[in-house]
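Notes for the one structure printed next.
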Amino acid sequence: MLFFVRIINIEADIPQTYLVDYSSTDEGIYANLALNLQNWGTLMYPLKVSGISLKHNPQIILDIIGNLIVYIFMFIFGDNYYGFRLGVVFVAFLTIIFIFLSIRNLKKVYKIKNYYLEIFSLLFFNVSFIFYSASRVVEPTIFRLFFSAIILWIFVSMRTNSLKSFLIGFFTTISIFLVYVNNTFLILGVFIYILILFFMKQNKEAIENIIYGTIGVVSGILLSEIYYFGIWRTEAFKNLFEIIKSFNSNANYTIVVENTKISYSFYLFTYIKRAIKFISSNLFFYSLPIFSLMIASLYNIKNFFKIKKREYFFCLSMIIALFIQTLVSEDFINRKSIVLLPFIIFICIEYLILYQKKEVSLSLYNVGEIFFIIFCIVVQKIYLPFSGYAGFNTNDKVIMIFYILFPTLIFLLSLSMRWSYRLLISMFLVFSLGNLFFIHRYYFRNIYFYDKKMMQSLNKYGNKIILGEYINGYTLYNNVKTLPITREETKKLMDTGDYYYYFDYSDVQSWLDFEFGRRRLKLVVEYPRSTFNQYGNSNMGIYRVWKEPETIWYFRK
């Protein structure tokens, strides 16, 4: 029941970007299909309004699984944050169940009868600040995390290699075409694992994985095609390639934007920067002991290879795969690396089992290397942040250094020197306390409800259509309707004279003048907000749309 504490204050604003890297403006973008069902009664908004033909965004129709879950809970609990976000809490709970089933299977392998591992895992999932945050925000990452947990459970639980390979291929494909395109790292991870099997000279098993895995992939593609063609009259791969093409115009997804000519040094700098972002991402930053155990396991990789620890190399392959994908497509890895959590937890649990059996070791020199890495992570994140992610205050720094960083060092020293288990447990409890401090500070103490109040205020516009790319995330508690369309299509609708309001950040007047024409939009209402995005924008506003770009303003009139 402790898990469901996260439902308390679920209507509150999301904490600052520098802390969790989530945004309420993104929630509507990721839940377009669910909100379309709520606001329009169909999966897609009208594709012809005021005589203007509109196109659907290929990214909107992608996450059908996550959107259906969100809508089911909105249907039950209403057009509010409870209905909107409780589906995410439910999926997070299912994720924990699958991870626990994987851990239980691991215990059977090592014939462990006590419940210490379950208690350790349960404590982590209930106090982890980053998992707590991910489990109450509408964003595809939690659904990707759920599929990671399913795939891990299939791998460690299924004894028949053919069935295991088929199901992994099937669910991996489903997670790409029906959840999120960048789940392609799962396919890459499977490919890396098969290569490792060949190096282990497990050729028969590797070939079986390829054959039955391919059948699973094909089955997943067929199911995806039924969805895409049956509902949208398009094809799965066509939609996939359209999304990838749209990624090429965004530097957060690709390195080369619009075929810009760049030097080799730029490539090198970009790869280094993305490697740093991966290593210092929130999953590792807020979970330094977990990250340390994962690194510690690498010192025993030769031994694991000799004794053919398949589960370990399967999990490691997934971590390597996401790292490689991040070098090519960063995709806000700071918050999205949490999709690796099931694989990392499994590695840590197995390492602790082997540690107890004295089958692994960690030298003081290894401890020094690991601490240097995690020290660099903390310094980079707090004192040398990337643009838009600065903001840790003094209390945050104290919690991070004295309740997470230093206890991790003592935790590692205790592992190396094989001090008492009580000290290990004590340091993990101190780390847990540090995460609890973050949870208390930003989900119980420093909480605000500006977004909820703004949406309630928007109810005065009735069921009018309000234009703008961010308004879709603010249709709860009101009856306004939205069209999540391109800026070019928005311009055409403005020209019809049928639409009077546009929604955006309140401090982007210059950009709007450039995008839509000087004096085309004028801010008339500003809504305060408690959070800033990575570009420093915070408050939102309603802009009045004027028919002619050169209209002179008569506010009294």
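Residue numbering restarts at 1 for every chain of the structure tokens, chains are lettered A, B, ... in their displayed order, and ligands are numbered from 1 as they appear.
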
(message) Residues within 8 Å of range 287-296 of chain A, please, as a count of residues only. Count only C-alpha atoms; anything in the same chain fewer than 5 positions from it doesn't count.
(response) 17

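If only C-alpha atoms are the atoms counted, then among A:Ile69, A:Ile221, A:Leu327, A:Ile52 the closest residue to Glu488 in chain A is A:Ile52.
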
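Nearest residue to Lys308 in chain A, choosing from A:Phe346, A:Phe198, A:Phe402, A:Phe129 and counting only C-alpha atoms: A:Phe198.
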
(request) Write out as a PyMOL selection string the residues lying within 6 Å of range 16-33 of chain A, counting only C-alpha atoms and excluding same-chain residues fewer than 6 positions away. (result) chain A and resi 43+67+138-139+335+389-390+470+472-473+531+533

(request) Can you work out which one of A:Phe120, A:Tyr180, A:Phe438, A:Asn209 has the shortest atom-to-atom distance to Asn393 in chain A, counting only C-alpha atoms? (result) A:Phe438

(request) Could you give me, as a count of residues only, the residues within 8 Å of range 499-502 of chain A, counting only C-alpha atoms and dropping anything in the same chain fewer than 6 positions from it? (result) 11

(request) Tell me which protein, DNA and RNA residues are within 12 Å of range 114-118 of chain A, counting only C-alpha atoms, leaving out same-chain ones fewer than 4 positions away, and put them as a list in words. (result) Ile96, Ile97, Ile99, Phe100, Leu101, Ser102, Ile103, Arg104, Asn105, Leu106, Lys107, Lys108, Tyr110, Leu122, Leu123, Phe124, Phe125, Ile345, Phe346, Cys348, Ile349, Glu350, Tyr351, Leu352, Ile353, Gln356, Tyr421 and Ile425 of chain A

Let me see the file: selected residues, N, CA and C atoms, as a PDB file, in the first residue's frame.
ATOM      1  N   ILE A  96       6.375  -2.971 -11.391  1.00  0.00           N
ATOM      2  CA  ILE A  96       7.022  -3.506 -10.188  1.00  0.00           C
ATOM      3  C   ILE A  96       6.707  -4.984 -10.018  1.00  0.00           C
ATOM      4  N   ILE A  97       5.474  -5.379 -10.307  1.00  0.00           N
ATOM      5  CA  ILE A  97       5.096  -6.788 -10.181  1.00  0.00           C
ATOM      6  C   ILE A  97       5.949  -7.666 -11.092  1.00  0.00           C
ATOM      7  N   ILE A  99       8.909  -7.000 -12.313  1.00  0.00           N
ATOM      8  CA  ILE A  99      10.294  -6.999 -11.818  1.00  0.00           C
ATOM      9  C   ILE A  99      10.425  -7.940 -10.624  1.00  0.00           C
ATOM     10  N   PHE A 100       9.423  -7.932  -9.737  1.00  0.00           N
ATOM     11  CA  PHE A 100       9.442  -8.834  -8.585  1.00  0.00           C
ATOM     12  C   PHE A 100       9.392 -10.291  -9.037  1.00  0.00           C
ATOM     13  N   LEU A 101       8.617 -10.589 -10.048  1.00  0.00           N
ATOM     14  CA  LEU A 101       8.558 -11.953 -10.570  1.00  0.00           C
ATOM     15  C   LEU A 101       9.908 -12.382 -11.130  1.00  0.00           C
ATOM     16  N   SER A 102      10.607 -11.451 -11.764  1.00  0.00           N
ATOM     17  CA  SER A 102      11.947 -11.754 -12.289  1.00  0.00           C
ATOM     18  C   SER A 102      12.918 -12.029 -11.146  1.00  0.00           C
ATOM     19  N   ILE A 103      12.831 -11.240 -10.080  1.00  0.00           N
ATOM     20  CA  ILE A 103      13.701 -11.433  -8.915  1.00  0.00           C
ATOM     21  C   ILE A 103      13.395 -12.772  -8.236  1.00  0.00           C
ATOM     22  N   ARG A 104      12.126 -13.103  -8.148  1.00  0.00           N
ATOM     23  CA  ARG A 104      11.751 -14.386  -7.537  1.00  0.00           C
ATOM     24  C   ARG A 104      12.321 -15.551  -8.338  1.00  0.00           C
ATOM     25  N   ASN A 105      12.306 -15.441  -9.650  1.00  0.00           N
ATOM     26  CA  ASN A 105      12.895 -16.487 -10.477  1.00  0.00           C
ATOM     27  C   ASN A 105      14.396 -16.600 -10.236  1.00  0.00           C
ATOM     28  N   LEU A 106      15.047 -15.449 -10.054  1.00  0.00           N
ATOM     29  CA  LEU A 106      16.482 -15.437  -9.758  1.00  0.00           C
ATOM     30  C   LEU A 106      16.756 -16.126  -8.428  1.00  0.00           C
ATOM     31  N   LYS A 107      15.883 -15.916  -7.452  1.00  0.00           N
ATOM     32  CA  LYS A 107      16.042 -16.571  -6.154  1.00  0.00           C
ATOM     33  C   LYS A 107      15.942 -18.090  -6.282  1.00  0.00           C
ATOM     34  N   LYS A 108      15.042 -18.551  -7.141  1.00  0.00           N
ATOM     35  CA  LYS A 108      14.901 -19.995  -7.352  1.00  0.00           C
ATOM     36  C   LYS A 108      16.185 -20.590  -7.924  1.00  0.00           C
ATOM     37  N   TYR A 110      19.220 -19.588  -7.445  1.00  0.00           N
ATOM     38  CA  TYR A 110      20.248 -19.647  -6.401  1.00  0.00           C
ATOM     39  C   TYR A 110      19.742 -20.290  -5.101  1.00  0.00           C
ATOM     40  N   LEU A 122      11.615  -3.600  -2.832  1.00  0.00           N
ATOM     41  CA  LEU A 122      10.409  -2.842  -2.495  1.00  0.00           C
ATOM     42  C   LEU A 122      10.765  -1.492  -1.900  1.00  0.00           C
ATOM     43  N   LEU A 123      11.756  -1.467  -1.054  1.00  0.00           N
ATOM     44  CA  LEU A 123      12.204  -0.208  -0.460  1.00  0.00           C
ATOM     45  C   LEU A 123      12.689   0.747  -1.543  1.00  0.00           C
ATOM     46  N   PHE A 124      13.481   0.226  -2.470  1.00  0.00           N
ATOM     47  CA  PHE A 124      14.011   1.084  -3.530  1.00  0.00           C
ATOM     48  C   PHE A 124      12.888   1.701  -4.358  1.00  0.00           C
ATOM     49  N   PHE A 125      11.926   0.877  -4.790  1.00  0.00           N
ATOM     50  CA  PHE A 125      10.869   1.391  -5.661  1.00  0.00           C
ATOM     51  C   PHE A 125       9.946   2.364  -4.949  1.00  0.00           C
ATOM     52  N   ILE A 345      18.358  -3.190 -12.058  1.00  0.00           N
ATOM     53  CA  ILE A 345      17.990  -3.788 -10.772  1.00  0.00           C
ATOM     54  C   ILE A 345      18.329  -5.277 -10.762  1.00  0.00           C
ATOM     55  N   PHE A 346      18.065  -5.964 -11.853  1.00  0.00           N
ATOM     56  CA  PHE A 346      18.357  -7.397 -11.934  1.00  0.00           C
ATOM     57  C   PHE A 346      19.859  -7.655 -11.786  1.00  0.00           C
ATOM     58  N   CYS A 348      22.030  -5.753 -10.279  1.00  0.00           N
ATOM     59  CA  CYS A 348      22.422  -5.439  -8.894  1.00  0.00           C
ATOM     60  C   CYS A 348      22.035  -6.552  -7.934  1.00  0.00           C
ATOM     61  N   ILE A 349      20.828  -7.087  -8.090  1.00  0.00           N
ATOM     62  CA  ILE A 349      20.370  -8.161  -7.214  1.00  0.00           C
ATOM     63  C   ILE A 349      21.262  -9.390  -7.376  1.00  0.00           C
ATOM     64  N   GLU A 350      21.567  -9.742  -8.608  1.00  0.00           N
ATOM     65  CA  GLU A 350      22.410 -10.920  -8.829  1.00  0.00           C
ATOM     66  C   GLU A 350      23.821 -10.679  -8.294  1.00  0.00           C
ATOM     67  N   TYR A 351      24.320  -9.461  -8.430  1.00  0.00           N
ATOM     68  CA  TYR A 351      25.659  -9.151  -7.913  1.00  0.00           C
ATOM     69  C   TYR A 351      25.688  -9.310  -6.394  1.00  0.00           C
ATOM     70  N   LEU A 352      24.653  -8.857  -5.706  1.00  0.00           N
ATOM     71  CA  LEU A 352      24.603  -8.985  -4.254  1.00  0.00           C
ATOM     72  C   LEU A 352      24.524 -10.451  -3.824  1.00  0.00           C
ATOM     73  N   ILE A 353      23.817 -11.261  -4.601  1.00  0.00           N
ATOM     74  CA  ILE A 353      23.747 -12.692  -4.309  1.00  0.00           C
ATOM     75  C   ILE A 353      25.131 -13.326  -4.441  1.00  0.00           C
ATOM     76  N   GLN A 356      27.390 -12.267  -1.617  1.00  0.00           N
ATOM     77  CA  GLN A 356      27.138 -13.026  -0.398  1.00  0.00           C
ATOM     78  C   GLN A 356      27.766 -14.420  -0.475  1.00  0.00           C
ATOM     79  N   TYR A 421      27.273  -6.590   7.357  1.00  0.00           N
ATOM     80  CA  TYR A 421      26.096  -6.346   6.533  1.00  0.00           C
ATOM     81  C   TYR A 421      25.254  -5.209   7.102  1.00  0.00           C
ATOM     82  N   ILE A 425      23.550  -2.196   4.965  1.00  0.00           N
ATOM     83  CA  ILE A 425      22.129  -1.869   5.059  1.00  0.00           C
ATOM     84  C   ILE A 425      21.931  -0.442   5.553  1.00  0.00           C
TER      85      ILE A 425
END

(request) Might you pull out every residue within 9 Å of Ile174 in chain A, with only C-alpha atoms counted and same-chain residues fewer than 4 positions away left off, and present them as an MDAnalysis selection string? (result) chainID A and resid 169:170 178:179 217 220:221 223:224

(message) Given only C-alpha atoms as the basis, pick out the residue of A:Leu54, A:Met158, A:Leu415, A:Val339 nearest to Ile142 in chain A.
(response)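 The shortest atom-to-atom distance to Ile142 in chain A comes from A:Val339.
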
(message) Please return, as a ChimeraX atom specification, all residues of range 199-403 of chain A that DSSP assigns to alpha helix (DSSP H) on the basis of the backbone.
(response) /A:199,203-232,236-247,264-279,282-285,288-298,301-306,310-328,333-336,341-356,364-383,394-400

Set out as JSON lines a contact list for range 281-339 of chain A and range 143-149 of chain A with a cut-off of 12 Å, giving each residue of range 281-339 of chain A that qualifies its closest atom pair and distance in Å to one decimal, counting only C-alpha atoms, ordered by chain and rising residue number.
{"residue": "A:Phe314", "atom": "CA", "partner": "A:Ser148", "partner_atom": "CA", "distance": 11.8}
{"residue": "A:Cys315", "atom": "CA", "partner": "A:Ser148", "partner_atom": "CA", "distance": 10.1}
{"residue": "A:Met318", "atom": "CA", "partner": "A:Ser148", "partner_atom": "CA", "distance": 9.3}
{"residue": "A:Ile319", "atom": "CA", "partner": "A:Ser148", "partner_atom": "CA", "distance": 11.3}
{"residue": "A:Leu322", "atom": "CA", "partner": "A:Ser148", "partner_atom": "CA", "distance": 11.9}
{"residue": "A:Arg335", "atom": "CA", "partner": "A:Leu145", "partner_atom": "CA", "distance": 11.7}
{"residue": "A:Lys336", "atom": "CA", "partner": "A:Arg144", "partner_atom": "CA", "distance": 9.0}
{"residue": "A:Ser337", "atom": "CA", "partner": "A:Leu145", "partner_atom": "CA", "distance": 9.3}
{"residue": "A:Ile338", "atom": "CA", "partner": "A:Leu145", "partner_atom": "CA", "distance": 7.0}
{"residue": "A:Val339", "atom": "CA", "partner": "A:Leu145", "partner_atom": "CA", "distance": 4.3}

Let me see the file: selected residues, N, CA, C and O atoms, as a PDB file, in the first residue's frame.
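So result.pdb came out as:
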ATOM      1  N   PHE A 314      22.341 -10.539 -21.054  1.00  0.00           N
ATOM      2  CA  PHE A 314      21.124 -10.023 -21.685  1.00  0.00           C
ATOM      3  C   PHE A 314      20.838  -8.619 -21.163  1.00  0.00           C
ATOM      4  O   PHE A 314      20.562  -7.696 -21.948  1.00  0.00           O
ATOM      5  N   CYS A 315      20.889  -8.453 -19.837  1.00  0.00           N
ATOM      6  CA  CYS A 315      20.641  -7.133 -19.239  1.00  0.00           C
ATOM      7  C   CYS A 315      21.721  -6.129 -19.664  1.00  0.00           C
ATOM      8  O   CYS A 315      21.415  -4.975 -20.000  1.00  0.00           O
ATOM      9  N   MET A 318      21.213  -4.710 -23.130  1.00  0.00           N
ATOM     10  CA  MET A 318      20.203  -3.659 -23.232  1.00  0.00           C
ATOM     11  C   MET A 318      20.776  -2.306 -22.820  1.00  0.00           C
ATOM     12  O   MET A 318      20.473  -1.268 -23.440  1.00  0.00           O
ATOM     13  N   ILE A 319      21.617  -2.305 -21.794  1.00  0.00           N
ATOM     14  CA  ILE A 319      22.246  -1.053 -21.349  1.00  0.00           C
ATOM     15  C   ILE A 319      23.175  -0.517 -22.426  1.00  0.00           C
ATOM     16  O   ILE A 319      23.159   0.681 -22.745  1.00  0.00           O
ATOM     17  N   LEU A 322      21.097   0.967 -25.406  1.00  0.00           N
ATOM     18  CA  LEU A 322      20.548   2.312 -25.215  1.00  0.00           C
ATOM     19  C   LEU A 322      21.655   3.357 -25.243  1.00  0.00           C
ATOM     20  O   LEU A 322      21.451   4.478 -25.737  1.00  0.00           O
ATOM     21  N   ARG A 335      15.828  11.992 -18.737  1.00  0.00           N
ATOM     22  CA  ARG A 335      14.682  11.397 -18.041  1.00  0.00           C
ATOM     23  C   ARG A 335      14.326  10.008 -18.564  1.00  0.00           C
ATOM     24  O   ARG A 335      13.707   9.213 -17.853  1.00  0.00           O
ATOM     25  N   LYS A 336      14.714   9.699 -19.794  1.00  0.00           N
ATOM     26  CA  LYS A 336      14.239   8.463 -20.422  1.00  0.00           C
ATOM     27  C   LYS A 336      15.139   7.255 -20.196  1.00  0.00           C
ATOM     28  O   LYS A 336      14.762   6.139 -20.555  1.00  0.00           O
ATOM     29  N   SER A 337      16.305   7.451 -19.583  1.00  0.00           N
ATOM     30  CA  SER A 337      17.173   6.306 -19.287  1.00  0.00           C
ATOM     31  C   SER A 337      16.541   5.375 -18.267  1.00  0.00           C
ATOM     32  O   SER A 337      16.992   4.233 -18.095  1.00  0.00           O
ATOM     33  N   ILE A 338      15.481   5.808 -17.618  1.00  0.00           N
ATOM     34  CA  ILE A 338      14.827   4.975 -16.613  1.00  0.00           C
ATOM     35  C   ILE A 338      14.228   3.711 -17.223  1.00  0.00           C
ATOM     36  O   ILE A 338      13.892   2.759 -16.502  1.00  0.00           O
ATOM     37  N   VAL A 339      14.106   3.647 -18.541  1.00  0.00           N
ATOM     38  CA  VAL A 339      13.624   2.421 -19.196  1.00  0.00           C
ATOM     39  C   VAL A 339      14.560   1.246 -18.924  1.00  0.00           C
ATOM     40  O   VAL A 339      14.183   0.085 -19.095  1.00  0.00           O
TER      41      VAL A 339
END
